[in-house]
Amino acid sequence: SQHGFGVVMSAFTMFDEYFLKDLGNDQAIWAGEPGGELKRYSAVELIPVSQELFDLRFAIAQNLAAVSLKLERYKEAIDWANAALCMDGKAPKALMRLGLGLLRTGKPGPASDWLAAAQKAMPNDSEVRKLLREAELKRSPTWVCANGCCGPWGIVCGGPVIETMAEAVKPRLKGTAEVTKDCSDEDCVGYQPQPEADVVPKEPESEKVQETDPQRHSQRLPCLQLALAAAVVGIAAGVAALKLV
């Protein structure tokens with residue numbers, strides 16, 4: 001059916017009103033914008049389908065999509081894959097076959113969206129992963145996927161998404177500046193003068209010798225005593241000479 005398939009959510013037979021959920025997107029069917037007024041159906045607008053017939057039609061649509069891909073009839077494969085997705089919007093094989101059909105008809109951008117959905121349903125399927133990477137490499141660099149995660153900034157669909165938090169940066173203290181290892185010039189932006197060390201006045205060498213070398217000081221005492229003794233002898237000789245005269 002060109003109108004798709006749905007399941008009755010609520011029914012008011014007295015007023016001949018039926019409200020449905022679309023099996024293609026698993027959402028309620030709205031009369032206008034989503035979140036507004038639900039679309040009302042009457043009994044004459046609905047065709048009841050048994051579960052057995054529904055399952056048979058779904059299997060046939062998926063198989064015809066696969067056969068069309070084998071025969072390289074990609075447009076037919078797209079139509080049959082869409083027919084299957086109208087019955088189950090999360091069918092992994094239908095998602096993959098629709099993506100492959102779009103990829104082979106030169107639409108790698110939309111193909112990557114469908115193949116990403118297929119890989120989400122079949123994360124361990126190597127064929128889906130290979131087709132997804134092919135579509136990502138062929139699509140336009142300005143393409144933005146349906147999830148909004150892939151685009152010119154990089155590819156995210158089909159791969160693990162790692163969420164990390166940036167480390168907190170400590171605030172700079174007021175009135176201080178960072179000093180780099182090689183920043184020792186006053187013209188440098190991060191230059192910070194180092195505090196000058198206290199200057200201790202030097203003592204005279206003679207006094208330092210007397211305080212720090214007492215042995216040398218004791219060696220000089222005999223010399224002074226000899227000089228005094230010589231002076232006394234000289235004075236006595238002078239006095240004797242005066243008496244003789």
# chains A, B, ... in the order shown; residues from 1 in each chain; ligands from 1
>>> select_by_dssp(residues="range 98-139 of chain A", states="alpha helix (DSSP H)", output="PDB file with C-alpha atoms, in the first residue's frame")
ATOM      1  CA  LEU A  98      18.117   0.399   0.945  1.00  0.00           C
ATOM      2  CA  GLY A  99      21.511   1.891   1.797  1.00  0.00           C
ATOM      3  CA  LEU A 100      23.268  -0.294  -0.764  1.00  0.00           C
ATOM      4  CA  GLY A 101      20.743   0.626  -3.454  1.00  0.00           C
ATOM      5  CA  LEU A 102      21.260   4.340  -2.778  1.00  0.00           C
ATOM      6  CA  LEU A 103      25.052   3.889  -2.755  1.00  0.00           C
ATOM      7  CA  ARG A 104      25.028   2.167  -6.151  1.00  0.00           C
ATOM      8  CA  PRO A 108      26.375   8.093  -0.853  1.00  0.00           C
ATOM      9  CA  GLY A 109      25.101  10.760   1.556  1.00  0.00           C
ATOM     10  CA  PRO A 110      21.607   9.326   2.144  1.00  0.00           C
ATOM     11  CA  ALA A 111      23.102   5.830   1.842  1.00  0.00           C
ATOM     12  CA  SER A 112      25.393   6.491   4.806  1.00  0.00           C
ATOM     13  CA  ASP A 113      22.389   7.453   6.952  1.00  0.00           C
ATOM     14  CA  TRP A 114      20.542   4.204   6.232  1.00  0.00           C
ATOM     15  CA  LEU A 115      23.683   2.103   6.568  1.00  0.00           C
ATOM     16  CA  ALA A 116      24.464   3.749   9.910  1.00  0.00           C
ATOM     17  CA  ALA A 117      20.984   2.769  11.109  1.00  0.00           C
ATOM     18  CA  ALA A 118      21.607  -0.762   9.837  1.00  0.00           C
ATOM     19  CA  GLN A 119      24.897  -1.018  11.715  1.00  0.00           C
ATOM     20  CA  LYS A 120      23.210   0.193  14.876  1.00  0.00           C
ATOM     21  CA  ALA A 121      20.820  -2.748  14.520  1.00  0.00           C
ATOM     22  CA  SER A 126      31.171  -6.883   8.694  1.00  0.00           C
ATOM     23  CA  GLU A 127      29.361  -6.316   5.375  1.00  0.00           C
ATOM     24  CA  VAL A 128      27.337  -3.422   6.764  1.00  0.00           C
ATOM     25  CA  ARG A 129      30.461  -1.892   8.285  1.00  0.00           C
ATOM     26  CA  LYS A 130      32.296  -2.138   4.957  1.00  0.00           C
ATOM     27  CA  LEU A 131      29.442  -0.533   3.000  1.00  0.00           C
ATOM     28  CA  LEU A 132      29.124   2.248   5.569  1.00  0.00           C
ATOM     29  CA  ARG A 133      32.809   3.157   5.268  1.00  0.00           C
ATOM     30  CA  GLU A 134      32.519   3.159   1.477  1.00  0.00           C
ATOM     31  CA  ALA A 135      29.543   5.530   1.626  1.00  0.00           C
ATOM     32  CA  GLU A 136      31.327   7.825   4.073  1.00  0.00           C
ATOM     33  CA  LEU A 137      34.355   8.111   1.788  1.00  0.00           C
ATOM     34  CA  LYS A 138      32.259   8.839  -1.308  1.00  0.00           C
TER      35      LYS A 138
END
>>> closest_atom_pairs(of="range 77-104 of chain A", to="range 56-65 of chain A", cutoff="9 Å", atoms="only C-alpha atoms", output="Markdown table")
| residue | atom | partner | partner_atom | distance |
| --- | --- | --- | --- | --- |
| A:Ala77 | CA | A:Ala65 | CA | 4.3 |
| A:Ile78 | CA | A:Ala65 | CA | 7.0 |
| A:Asp79 | CA | A:Ala65 | CA | 7.7 |
| A:Trp80 | CA | A:Ala65 | CA | 5.0 |
| A:Ala81 | CA | A:Ala65 | CA | 5.5 |
| A:Asn82 | CA | A:Ala61 | CA | 8.6 |
| A:Ala83 | CA | A:Ala61 | CA | 6.3 |
| A:Ala84 | CA | A:Ala61 | CA | 5.3 |
| A:Leu85 | CA | A:Phe58 | CA | 8.7 |
| A:Met87 | CA | A:Phe58 | CA | 6.7 |
| A:Asp88 | CA | A:Phe58 | CA | 8.2 |
| A:Lys93 | CA | A:Gln62 | CA | 7.3 |
| A:Ala94 | CA | A:Gln62 | CA | 6.0 |
| A:Arg97 | CA | A:Ala65 | CA | 6.7 |
| A:Leu98 | CA | A:Ala65 | CA | 8.1 |
| A:Gly101 | CA | A:Ala65 | CA | 9.0 |
>>> closest_residue(among="A:Met96, A:Val8, A:Val144, A:Met14", to="Asp125 in chain A", atoms="only C-alpha atoms")
A:Met96
>>> decode(residues="range 46-59 of chain A", atoms="all heavy atoms", output="PDB file, in the first residue's frame")
ATOM      1  N   LEU A  46      -9.642   2.246   6.431  1.00  0.00           N
ATOM      2  CA  LEU A  46      -8.722   1.238   6.939  1.00  0.00           C
ATOM      3  C   LEU A  46      -9.034  -0.121   6.329  1.00  0.00           C
ATOM      4  O   LEU A  46     -10.199  -0.477   6.106  1.00  0.00           O
ATOM      5  CB  LEU A  46      -8.832   1.156   8.464  1.00  0.00           C
ATOM      6  CG  LEU A  46      -8.603   2.471   9.220  1.00  0.00           C
ATOM      7  CD1 LEU A  46      -8.810   2.260  10.707  1.00  0.00           C
ATOM      8  CD2 LEU A  46      -7.206   3.018   8.948  1.00  0.00           C
ATOM      9  N   ILE A  47      -7.958  -0.876   6.036  1.00  0.00           N
ATOM     10  CA  ILE A  47      -8.085  -2.237   5.498  1.00  0.00           C
ATOM     11  C   ILE A  47      -7.443  -3.182   6.501  1.00  0.00           C
ATOM     12  O   ILE A  47      -6.215  -3.178   6.654  1.00  0.00           O
ATOM     13  CB  ILE A  47      -7.393  -2.362   4.130  1.00  0.00           C
ATOM     14  CG1 ILE A  47      -7.993  -1.353   3.139  1.00  0.00           C
ATOM     15  CG2 ILE A  47      -7.521  -3.785   3.591  1.00  0.00           C
ATOM     16  CD1 ILE A  47      -7.287  -1.347   1.798  1.00  0.00           C
ATOM     17  N   PRO A  48      -8.202  -3.979   7.206  1.00  0.00           N
ATOM     18  CA  PRO A  48      -7.621  -4.919   8.178  1.00  0.00           C
ATOM     19  C   PRO A  48      -6.758  -5.963   7.469  1.00  0.00           C
ATOM     20  O   PRO A  48      -7.105  -6.465   6.396  1.00  0.00           O
ATOM     21  CB  PRO A  48      -8.845  -5.564   8.834  1.00  0.00           C
ATOM     22  CG  PRO A  48      -9.979  -4.639   8.541  1.00  0.00           C
ATOM     23  CD  PRO A  48      -9.682  -4.017   7.216  1.00  0.00           C
ATOM     24  N   VAL A  49      -5.599  -6.271   8.089  1.00  0.00           N
ATOM     25  CA  VAL A  49      -4.661  -7.257   7.546  1.00  0.00           C
ATOM     26  C   VAL A  49      -4.326  -8.228   8.671  1.00  0.00           C
ATOM     27  O   VAL A  49      -3.962  -7.810   9.776  1.00  0.00           O
ATOM     28  CB  VAL A  49      -3.382  -6.582   7.013  1.00  0.00           C
ATOM     29  CG1 VAL A  49      -2.413  -7.633   6.485  1.00  0.00           C
ATOM     30  CG2 VAL A  49      -3.725  -5.582   5.921  1.00  0.00           C
ATOM     31  N   SER A  50      -4.423  -9.515   8.364  1.00  0.00           N
ATOM     32  CA  SER A  50      -4.093 -10.513   9.375  1.00  0.00           C
ATOM     33  C   SER A  50      -2.577 -10.549   9.591  1.00  0.00           C
ATOM     34  O   SER A  50      -1.798 -10.154   8.729  1.00  0.00           O
ATOM     35  CB  SER A  50      -4.583 -11.893   8.928  1.00  0.00           C
ATOM     36  OG  SER A  50      -3.900 -12.310   7.751  1.00  0.00           O
ATOM     37  N   GLN A  51      -2.162 -11.047  10.750  1.00  0.00           N
ATOM     38  CA  GLN A  51      -0.732 -11.117  11.068  1.00  0.00           C
ATOM     39  C   GLN A  51      -0.001 -12.061  10.108  1.00  0.00           C
ATOM     40  O   GLN A  51       1.132 -11.790   9.703  1.00  0.00           O
ATOM     41  CB  GLN A  51      -0.544 -11.588  12.510  1.00  0.00           C
ATOM     42  CG  GLN A  51       0.892 -11.546  12.998  1.00  0.00           C
ATOM     43  CD  GLN A  51       1.442 -10.128  13.070  1.00  0.00           C
ATOM     44  OE1 GLN A  51       0.767  -9.218  13.557  1.00  0.00           O
ATOM     45  NE2 GLN A  51       2.659  -9.929  12.574  1.00  0.00           N
ATOM     46  N   GLU A  52      -0.640 -13.131   9.730  1.00  0.00           N
ATOM     47  CA  GLU A  52      -0.008 -14.076   8.806  1.00  0.00           C
ATOM     48  C   GLU A  52       0.247 -13.432   7.450  1.00  0.00           C
ATOM     49  O   GLU A  52       1.323 -13.582   6.861  1.00  0.00           O
ATOM     50  CB  GLU A  52      -0.904 -15.309   8.645  1.00  0.00           C
ATOM     51  CG  GLU A  52      -0.312 -16.375   7.746  1.00  0.00           C
ATOM     52  CD  GLU A  52      -1.212 -17.587   7.625  1.00  0.00           C
ATOM     53  OE1 GLU A  52      -2.277 -17.613   8.278  1.00  0.00           O
ATOM     54  OE2 GLU A  52      -0.846 -18.524   6.875  1.00  0.00           O
ATOM     55  N   LEU A  53      -0.730 -12.727   6.943  1.00  0.00           N
ATOM     56  CA  LEU A  53      -0.560 -12.048   5.656  1.00  0.00           C
ATOM     57  C   LEU A  53       0.476 -10.919   5.763  1.00  0.00           C
ATOM     58  O   LEU A  53       1.253 -10.690   4.837  1.00  0.00           O
ATOM     59  CB  LEU A  53      -1.910 -11.503   5.172  1.00  0.00           C
ATOM     60  CG  LEU A  53      -1.906 -10.790   3.810  1.00  0.00           C
ATOM     61  CD1 LEU A  53      -1.426 -11.737   2.710  1.00  0.00           C
ATOM     62  CD2 LEU A  53      -3.308 -10.247   3.487  1.00  0.00           C
ATOM     63  N   PHE A  54       0.446 -10.263   6.888  1.00  0.00           N
ATOM     64  CA  PHE A  54       1.423  -9.182   7.096  1.00  0.00           C
ATOM     65  C   PHE A  54       2.849  -9.738   7.074  1.00  0.00           C
ATOM     66  O   PHE A  54       3.726  -9.173   6.409  1.00  0.00           O
ATOM     67  CB  PHE A  54       1.135  -8.494   8.437  1.00  0.00           C
ATOM     68  CG  PHE A  54       2.067  -7.367   8.766  1.00  0.00           C
ATOM     69  CD1 PHE A  54       1.814  -6.080   8.322  1.00  0.00           C
ATOM     70  CD2 PHE A  54       3.213  -7.587   9.538  1.00  0.00           C
ATOM     71  CE1 PHE A  54       2.676  -5.037   8.629  1.00  0.00           C
ATOM     72  CE2 PHE A  54       4.074  -6.555   9.846  1.00  0.00           C
ATOM     73  CZ  PHE A  54       3.817  -5.264   9.390  1.00  0.00           C
ATOM     74  N   ASP A  55       3.101 -10.815   7.775  1.00  0.00           N
ATOM     75  CA  ASP A  55       4.448 -11.398   7.822  1.00  0.00           C
ATOM     76  C   ASP A  55       4.880 -11.898   6.442  1.00  0.00           C
ATOM     77  O   ASP A  55       6.060 -11.751   6.063  1.00  0.00           O
ATOM     78  CB  ASP A  55       4.477 -12.560   8.825  1.00  0.00           C
ATOM     79  CG  ASP A  55       4.271 -12.076  10.260  1.00  0.00           C
ATOM     80  OD1 ASP A  55       4.490 -10.881  10.520  1.00  0.00           O
ATOM     81  OD2 ASP A  55       3.883 -12.914  11.110  1.00  0.00           O
ATOM     82  N   LEU A  56       3.955 -12.466   5.675  1.00  0.00           N
ATOM     83  CA  LEU A  56       4.284 -12.959   4.341  1.00  0.00           C
ATOM     84  C   LEU A  56       4.665 -11.814   3.421  1.00  0.00           C
ATOM     85  O   LEU A  56       5.655 -11.903   2.676  1.00  0.00           O
ATOM     86  CB  LEU A  56       3.090 -13.734   3.768  1.00  0.00           C
ATOM     87  CG  LEU A  56       3.240 -14.274   2.333  1.00  0.00           C
ATOM     88  CD1 LEU A  56       4.408 -15.265   2.262  1.00  0.00           C
ATOM     89  CD2 LEU A  56       1.937 -14.905   1.848  1.00  0.00           C
ATOM     90  N   ARG A  57       3.899 -10.766   3.453  1.00  0.00           N
ATOM     91  CA  ARG A  57       4.197  -9.609   2.599  1.00  0.00           C
ATOM     92  C   ARG A  57       5.535  -8.988   2.985  1.00  0.00           C
ATOM     93  O   ARG A  57       6.309  -8.578   2.116  1.00  0.00           O
ATOM     94  CB  ARG A  57       3.074  -8.583   2.714  1.00  0.00           C
ATOM     95  CG  ARG A  57       3.333  -7.352   1.848  1.00  0.00           C
ATOM     96  CD  ARG A  57       2.159  -6.415   1.821  1.00  0.00           C
ATOM     97  NE  ARG A  57       2.446  -5.261   0.988  1.00  0.00           N
ATOM     98  CZ  ARG A  57       1.635  -4.761   0.085  1.00  0.00           C
ATOM     99  NH1 ARG A  57       0.461  -5.344  -0.151  1.00  0.00           N
ATOM    100  NH2 ARG A  57       1.956  -3.683  -0.602  1.00  0.00           N
ATOM    101  N   PHE A  58       5.808  -8.923   4.264  1.00  0.00           N
ATOM    102  CA  PHE A  58       7.074  -8.342   4.726  1.00  0.00           C
ATOM    103  C   PHE A  58       8.269  -9.165   4.233  1.00  0.00           C
ATOM    104  O   PHE A  58       9.267  -8.620   3.761  1.00  0.00           O
ATOM    105  CB  PHE A  58       7.076  -8.264   6.255  1.00  0.00           C
ATOM    106  CG  PHE A  58       8.355  -7.752   6.862  1.00  0.00           C
ATOM    107  CD1 PHE A  58       8.743  -6.438   6.685  1.00  0.00           C
ATOM    108  CD2 PHE A  58       9.177  -8.595   7.597  1.00  0.00           C
ATOM    109  CE1 PHE A  58       9.923  -5.964   7.237  1.00  0.00           C
ATOM    110  CE2 PHE A  58      10.352  -8.133   8.149  1.00  0.00           C
ATOM    111  CZ  PHE A  58      10.730  -6.812   7.973  1.00  0.00           C
ATOM    112  N   ALA A  59       8.186 -10.478   4.316  1.00  0.00           N
ATOM    113  CA  ALA A  59       9.270 -11.345   3.855  1.00  0.00           C
ATOM    114  C   ALA A  59       9.456 -11.230   2.349  1.00  0.00           C
ATOM    115  O   ALA A  59      10.605 -11.188   1.849  1.00  0.00           O
ATOM    116  CB  ALA A  59       8.975 -12.791   4.249  1.00  0.00           C
TER     117      ALA A  59
END
